[in-house]
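Engineer: Submitted below is the structure of interest, expressed as structure tokens.
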Amino acid sequence: MIDTKELKSRYDEIKKNISDRYMNVDLDEIIAIQDERYSIMQETEALRTKRNENAAKMKGKLEQDVRMALIEEGKKIKAELQEKEEKLAELDKTFQEKARTIPNYASPKAPVGKEDKDSLAIKFYGEPTKFSFKAKDHVELGEELDILDFESGAKVSGQKFYYIKNKAVILQMALERYAMDIVLKHGFTPFITPDIAKEEILNGIGFNPRGEESNIYTIEGTGTCLVGTAEITLGGYYSNMILDKKDLPIRMTGLSHCFRREAGGAGQYSKGLYRVHQFSKLEMFIYCLPEESEKAHEEILSIEEEIFQGLEIPYRVVDTATGDLGAPAYRKFDIEAWMPGRGESGEYGEVTSTSNCTDYQARSLNIRYRDDDGKVKFVHMLNGTAVALSRAIVAILENYQNEDGSVSIPKALIPYCGFDRIEKC
RNA sequence: GGAAAGAUGUCCGAGUGGUCGAAGGAGAUGGACUCGAAAUCCAUUGUAGGCUUCUAGCUUACCGAGGGUUCGAAUCCCUCUCUUUCCGCCA
């Protein structure tokens, strides 16, 4: 969340940010709740002071009637205090809930706009793959090659589930290891994280596990959820801790399953592996000093590019428009790989995403460091996809398809796969 | 899953109802001593929040977490989490 002490001093800025992001947050209501909370808080504290003073008077030896009078007084204060404290707790809860909905300040460099098409393509790598034949999409390729099975996925688990079969299994493992090797080379510490996390962690990262539009599966009666990304488990790792400044930046990379409800996400642009309820992903995460976060963001992006350049897949980099930024993000870069089977005759489709969340998550999760001036300050937290296996497989199958329906393996993956081609068996 | 013991400030560690934001020690910082250093001595040394007469003062909360008892809780009670040890079970 943002610093709620600044709601009034940065009022115009916050308001503009909310409107730039096309979000519906009533800042004035939140400030009104905050004011009421402060005033109840003061009344509560005054009563507590009275209670403490009253109790302090009873320390020594006292006449019985004096003591009884003080106890009576104490009981009266206690009753009053209880009432105030209940009210305060209620206000606190409401305030926290509402304040959490205020988005992070967006970078002044992020393009302002409502949706996808307002985002800026800031870089192109390679030319969209051309074929001398009609390109198939990954669904057709995958089913013909008997390496993807959506029908069985739907039968056993439901819509948007799938089985990966045969050489695609090896391909996925190869991709995992290939991306891991690149990330490790850049000094990241590898993790395999839990696939389940507590709601408080989800909230701290900025995911809302509740509500109709939530993309999160909650596990009934446990207070936990299936993670949608290892960003959650990597970001929760240091919650409530004060980090040593000399240990920063901390670079972590985590492999996890990712579960997403994707309610209502159907249609041509979500078909096949592109939008699914479960996939695996290798995620990068950095905790760093505030002054280093923009540089760290560039670093993550460049590793993501290195991974896709190594696969020789054409892509573009997109600087996400304010209206399309997640609430915690200060700035977000997506890599969109060329997908020849997408749309009429190929389109770019998102394969990675990296966000600089500045101190937004750190404030909720209480992750700080001690600065040279002795003060504790919030770290900046960044995340980025190393490789989302399902989407990377979409890009590989569609870009590396051959006229006979077989699929070649990108050069960089051949040593990891042990074969250079997937063909009909 | 069962049993026992434990969880206190940066660390170690005392503290079984009021004199405890918390003894003592270590560490760190500043100062004295010294040519300098060590030793010694003195002082300072948690976090978050609120208010005000805002380079300061006042005040609230925090002793694993959450509840409860009480005029008053680090201290008593309940639940949970974690750690250690033992038993059971298991990949």
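Ordered as shown in the structure tokens, chains take letters A, B, and onward, while each chain numbers its residues from 1 and ligands are numbered from 1 in the order shown.
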Do a neighbour search on B:G13 at 9 Å with only C-alpha atoms (C1' of nucleotides), toss out local chain neighbours closer than 2 positions, and write the hits as a PyMOL selection string.
Structural biologist: chain B and resi 8+24-25
Engineer: Could you take the residues named above and write them with C-alpha atoms (C1' of nucleotides), as a CSV table (one decimal), in the first residue's frame?
Structural biologist:
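Contents of the output file out-v2.csv:
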```
chain,number,residue,atom,x,y,z
B,8,U,C1',11.7,-11.4,26.4
B,24,G,C1',22.7,-7.7,34.3
B,25,G,C1',26.1,-8.7,30.5
```
Engineer: Do me a favour and pick out the residues of chain B within 6 Å of chain A, using only C-alpha atoms (C1' of nucleotides), as number ranges by chain.
Structural biologist: B: 18, 60, 71-72
Engineer: Would you mind exporting N, CA, C and O atoms (P, O5', C5', C4', C3', O3' and C1' of nucleotides) of the selected residues as an mmCIF file, in the first residue's frame?
Structural biologist:
```
data_model
loop_
_atom_site.group_PDB
_atom_site.id
_atom_site.type_symbol
_atom_site.label_atom_id
_atom_site.label_comp_id
_atom_site.auth_asym_id
_atom_site.auth_seq_id
_atom_site.Cartn_x
_atom_site.Cartn_y
_atom_site.Cartn_z
ATOM 1 P P G B 18 3.628 -7.133 40.643
ATOM 2 O "O5'" G B 18 3.377 -5.601 40.311
ATOM 3 C "C5'" G B 18 3.170 -5.214 38.962
ATOM 4 C "C4'" G B 18 2.656 -3.788 38.919
ATOM 5 C "C3'" G B 18 3.498 -2.792 39.704
ATOM 6 O "O3'" G B 18 3.587 -1.640 38.884
ATOM 7 C "C1'" G B 18 1.259 -2.702 40.453
ATOM 8 P P U B 60 0.432 6.975 28.244
ATOM 9 O "O5'" U B 60 -0.030 6.238 26.914
ATOM 10 C "C5'" U B 60 -1.399 6.189 26.560
ATOM 11 C "C4'" U B 60 -1.568 5.444 25.256
ATOM 12 C "C3'" U B 60 -0.907 4.072 25.203
ATOM 13 O "O3'" U B 60 -1.682 3.088 25.850
ATOM 14 C "C1'" U B 60 -0.411 5.258 23.232
ATOM 15 P P C B 71 -12.151 -5.673 38.089
ATOM 16 O "O5'" C B 71 -11.259 -4.412 37.724
ATOM 17 C "C5'" C B 71 -11.847 -3.231 37.190
ATOM 18 C "C4'" C B 71 -10.827 -2.126 37.202
ATOM 19 C "C3'" C B 71 -9.481 -2.491 36.603
ATOM 20 O "O3'" C B 71 -9.481 -2.328 35.200
ATOM 21 C "C1'" C B 71 -9.138 -1.461 38.691
ATOM 22 P P G B 72 -8.789 -3.458 34.306
ATOM 23 O "O5'" G B 72 -7.255 -3.308 34.719
ATOM 24 C "C5'" G B 72 -6.516 -2.189 34.231
ATOM 25 C "C4'" G B 72 -5.124 -2.206 34.802
ATOM 26 C "C3'" G B 72 -4.311 -3.452 34.501
ATOM 27 O "O3'" G B 72 -3.729 -3.377 33.208
ATOM 28 C "C1'" G B 72 -4.093 -2.914 36.774
#
```
Engineer: From the list B:A37, B:A26, B:C54, B:A48, which residue is nearest B:C12 when using only C-alpha atoms (C1' of nucleotides)?
Structural biologist: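 The answer is B:A26, which sits nearest to B:C12.
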Engineer: Would you kindly return, as a PyMOL selection string, each protein, DNA or RNA residue with an atom no farther than 12 Å from any atom of A:Pro415, considering only C-alpha atoms (C1' of nucleotides) and excluding same-chain residues fewer than 4 positions away?
Structural biologist: chain A and resi 170-171+173-175+177-178+409-411+419-420
Engineer: Selection from above, N, CA, C and O atoms, as a PDB file, in the first residue's frame, can you write it?
Structural biologist:
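Generated output (out.pdb):
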```
ATOM      1  N   ILE A 170       9.645 -33.081 -22.149  1.00  0.00           N
ATOM      2  CA  ILE A 170      11.089 -32.843 -22.113  1.00  0.00           C
ATOM      3  C   ILE A 170      11.372 -31.389 -22.498  1.00  0.00           C
ATOM      4  O   ILE A 170      12.221 -30.734 -21.888  1.00  0.00           O
ATOM      5  N   LEU A 171      10.622 -30.905 -23.479  1.00  0.00           N
ATOM      6  CA  LEU A 171      10.808 -29.510 -23.910  1.00  0.00           C
ATOM      7  C   LEU A 171      10.560 -28.554 -22.745  1.00  0.00           C
ATOM      8  O   LEU A 171      11.319 -27.610 -22.520  1.00  0.00           O
ATOM      9  N   MET A 173      10.810 -29.173 -19.523  1.00  0.00           N
ATOM     10  CA  MET A 173      11.891 -29.294 -18.537  1.00  0.00           C
ATOM     11  C   MET A 173      13.163 -28.630 -19.052  1.00  0.00           C
ATOM     12  O   MET A 173      13.914 -28.025 -18.289  1.00  0.00           O
ATOM     13  N   ALA A 174      13.390 -28.753 -20.351  1.00  0.00           N
ATOM     14  CA  ALA A 174      14.572 -28.147 -20.959  1.00  0.00           C
ATOM     15  C   ALA A 174      14.501 -26.620 -20.842  1.00  0.00           C
ATOM     16  O   ALA A 174      15.482 -25.963 -20.481  1.00  0.00           O
ATOM     17  N   LEU A 175      13.326 -26.087 -21.112  1.00  0.00           N
ATOM     18  CA  LEU A 175      13.125 -24.639 -21.029  1.00  0.00           C
ATOM     19  C   LEU A 175      13.373 -24.139 -19.602  1.00  0.00           C
ATOM     20  O   LEU A 175      13.999 -23.102 -19.385  1.00  0.00           O
ATOM     21  N   ARG A 177      15.223 -25.461 -17.324  1.00  0.00           N
ATOM     22  CA  ARG A 177      16.633 -25.516 -16.970  1.00  0.00           C
ATOM     23  C   ARG A 177      17.442 -24.470 -17.739  1.00  0.00           C
ATOM     24  O   ARG A 177      18.360 -23.844 -17.207  1.00  0.00           O
ATOM     25  N   TYR A 178      17.085 -24.281 -19.005  1.00  0.00           N
ATOM     26  CA  TYR A 178      17.759 -23.283 -19.834  1.00  0.00           C
ATOM     27  C   TYR A 178      17.627 -21.885 -19.204  1.00  0.00           C
ATOM     28  O   TYR A 178      18.605 -21.158 -19.036  1.00  0.00           O
ATOM     29  N   ILE A 409      13.499 -27.732 -32.686  1.00  0.00           N
ATOM     30  CA  ILE A 409      13.840 -27.248 -31.339  1.00  0.00           C
ATOM     31  C   ILE A 409      14.833 -26.091 -31.484  1.00  0.00           C
ATOM     32  O   ILE A 409      15.795 -26.206 -32.248  1.00  0.00           O
ATOM     33  N   PRO A 410      14.611 -24.981 -30.792  1.00  0.00           N
ATOM     34  CA  PRO A 410      15.581 -23.875 -30.851  1.00  0.00           C
ATOM     35  C   PRO A 410      16.981 -24.382 -30.492  1.00  0.00           C
ATOM     36  O   PRO A 410      17.112 -25.211 -29.590  1.00  0.00           O
ATOM     37  N   LYS A 411      17.969 -23.870 -31.209  1.00  0.00           N
ATOM     38  CA  LYS A 411      19.354 -24.346 -31.028  1.00  0.00           C
ATOM     39  C   LYS A 411      19.754 -24.396 -29.554  1.00  0.00           C
ATOM     40  O   LYS A 411      20.334 -25.363 -29.091  1.00  0.00           O
ATOM     41  N   PHE A 419      17.160 -33.827 -28.334  1.00  0.00           N
ATOM     42  CA  PHE A 419      16.639 -34.049 -29.691  1.00  0.00           C
ATOM     43  C   PHE A 419      16.470 -32.681 -30.329  1.00  0.00           C
ATOM     44  O   PHE A 419      16.504 -31.666 -29.624  1.00  0.00           O
ATOM     45  N   ASP A 420      16.330 -32.645 -31.666  1.00  0.00           N
ATOM     46  CA  ASP A 420      16.287 -31.349 -32.321  1.00  0.00           C
ATOM     47  C   ASP A 420      14.982 -31.111 -33.058  1.00  0.00           C
ATOM     48  O   ASP A 420      14.847 -30.155 -33.812  1.00  0.00           O
TER      49      ASP A 420
END
```
Engineer: So that I can see what lies close to B:G67, please list as number ranges by chain the residues with an atom at most 12 Å from it, counting only C-alpha atoms (C1' of nucleotides) and leaving out residues fewer than 3 positions away in the same chain.
Structural biologist: B: 77-80
Engineer: I'd like the neighbourhood of A:Ile201 as an MDAnalysis selection string, where a residue qualifies if any of its atoms comes within 9 Å (using only C-alpha atoms (C1' of nucleotides)), though same-chain residues fewer than 6 positions away should be ignored.
Structural biologist: chainID A and resid 207 232:233 235:236 239 364:365
